[in-house]
Amino acid sequence: MREIGCTCYVSLYKRHGVKPEALLNATINDWSKNIKEAYYFLEQRGYKKISLIGLTVGGILSLKLAQDEQIERLIVMSVLKDRTAETVKNSD
């Protein structure tokens with residue numbers, strides 16, 4: 001990506017990357033906060049065109065963030081089909 005002029009930043013959701021049992025102590029609100037913090041981190045460093053790629057729950061959170069912030073491009077994969085716009089909107 002860098003070769004074509006893109007900067008990549010990967011946020012780590014709370015309790016990810018450790019033992020699976022740790023996920024029991026994290027909430028969707030924690031992860032929503034994490035993705036917002038990642039967006040603001042890039043925005044504060046002067047990035048104007050921010051694109052998101054989200055997989056499963058990350059896809060849902062990316063869609064939610066795109067409702068509130070200026071996202072250049074959005075790619076979502078394997079988003080749960082039984083989630084509606086209303087349930088995503090009310091996940092705060």
# chains A, B, ... in the order shown; residues from 1 in each chain; ligands from 1
>>> select_by_dssp(residues="chain A", states="strand (DSSP E or B)", output="list in words")
Leu52, Ile53, Gly54, Leu55, Leu74, Ile75, Val76 and Met77 of chain A
>>> write_last_selection(atoms="C-alpha atoms", output="mmCIF file, in the first residue's frame")
data_model
loop_
_atom_site.group_PDB
_atom_site.id
_atom_site.type_symbol
_atom_site.label_atom_id
_atom_site.label_comp_id
_atom_site.auth_asym_id
_atom_site.auth_seq_id
_atom_site.Cartn_x
_atom_site.Cartn_y
_atom_site.Cartn_z
ATOM 1 C CA LEU A 52 -12.137 1.908 6.198
ATOM 2 C CA ILE A 53 -12.094 -1.840 5.741
ATOM 3 C CA GLY A 54 -14.127 -3.823 8.249
ATOM 4 C CA LEU A 55 -14.685 -7.531 8.698
ATOM 5 C CA LEU A 74 -15.736 1.925 2.831
ATOM 6 C CA ILE A 75 -15.317 -1.817 2.357
ATOM 7 C CA VAL A 76 -17.272 -4.180 4.574
ATOM 8 C CA MET A 77 -17.026 -7.953 4.490
#
>>> residues_around(residues="Lys36 of chain A", least_positions_apart="4", cutoff="8 Å", atoms="only C-alpha atoms", output="PyMOL selection string")
chain A and resi 32+40+65
>>> closest_atom_pairs(of="segment 38-61 of chain A", to="segment 5-12 of chain A", cutoff="10 Å", atoms="only C-alpha atoms", output="Markdown table")
| residue | atom | partner | partner_atom | distance |
| --- | --- | --- | --- | --- |
| A:Ala38 | CA | A:Ser11 | CA | 6.0 |
| A:Tyr39 | CA | A:Ser11 | CA | 9.1 |
| A:Phe41 | CA | A:Tyr9 | CA | 9.6 |
| A:Leu42 | CA | A:Tyr9 | CA | 8.2 |
| A:Tyr47 | CA | A:Thr7 | CA | 9.3 |
| A:Lys49 | CA | A:Cys6 | CA | 10.0 |
| A:Ile50 | CA | A:Thr7 | CA | 9.5 |
| A:Ser51 | CA | A:Cys8 | CA | 9.5 |
| A:Leu52 | CA | A:Val10 | CA | 9.7 |
| A:Ile53 | CA | A:Val10 | CA | 9.7 |
>>> write_last_selection(atoms="C-alpha atoms", output="PDB file, in the first residue's frame")
ATOM      1  CA  ALA A  38      -8.499   5.430  15.438  1.00  0.00           C
ATOM      2  CA  TYR A  39     -10.362   7.740  13.057  1.00  0.00           C
ATOM      3  CA  PHE A  41      -5.959   9.720  15.514  1.00  0.00           C
ATOM      4  CA  LEU A  42      -5.598   9.864  11.731  1.00  0.00           C
ATOM      5  CA  TYR A  47      -5.159  12.842   6.919  1.00  0.00           C
ATOM      6  CA  LYS A  49      -9.042  10.982   2.904  1.00  0.00           C
ATOM      7  CA  ILE A  50      -9.699   8.173   5.360  1.00  0.00           C
ATOM      8  CA  SER A  51     -10.988   4.839   4.097  1.00  0.00           C
ATOM      9  CA  LEU A  52     -12.137   1.908   6.198  1.00  0.00           C
ATOM     10  CA  ILE A  53     -12.094  -1.840   5.741  1.00  0.00           C
TER      11      ILE A  53
END
>>> residues_around(residues="Lys14 of chain A", least_positions_apart="4", cutoff="7 Å", atoms="only C-alpha atoms", output="PyMOL selection string")
chain A and resi 26+30-31
>>> write_last_selection(atoms="C-alpha atoms", output="PDB file, in the first residue's frame")
ATOM      1  CA  ALA A  26     -15.305  -6.123  26.341  1.00  0.00           C
ATOM      2  CA  ASP A  30     -15.722  -0.406  23.779  1.00  0.00           C
ATOM      3  CA  TRP A  31     -15.042  -1.382  20.192  1.00  0.00           C
TER       4      TRP A  31
END
>>> atom_distance(atom1="atom CA of Arg15 of chain A", atom2="atom CA of Glu43 of chain A")
24.2 Å
>>> atom_distance(atom1="atom CA of Lys33 of chain A", atom2="atom CA of Ala66 of chain A")
13.7 Å
>>> closest_residue(among="A:Gln44, A:Asn34, A:Ser62, A:Ser78", to="His16 of chain A", atoms="only C-alpha atoms")
A:Asn34
>>> atom_distance(atom1="atom CA of Val57 of chain A", atom2="atom CA of Glu3 of chain A")
29.1 Å
>>> select_by_dssp(residues="chain A", states="alpha helix (DSSP H)", output="ChimeraX atom specification")
/A:28-44,57-68,85-89
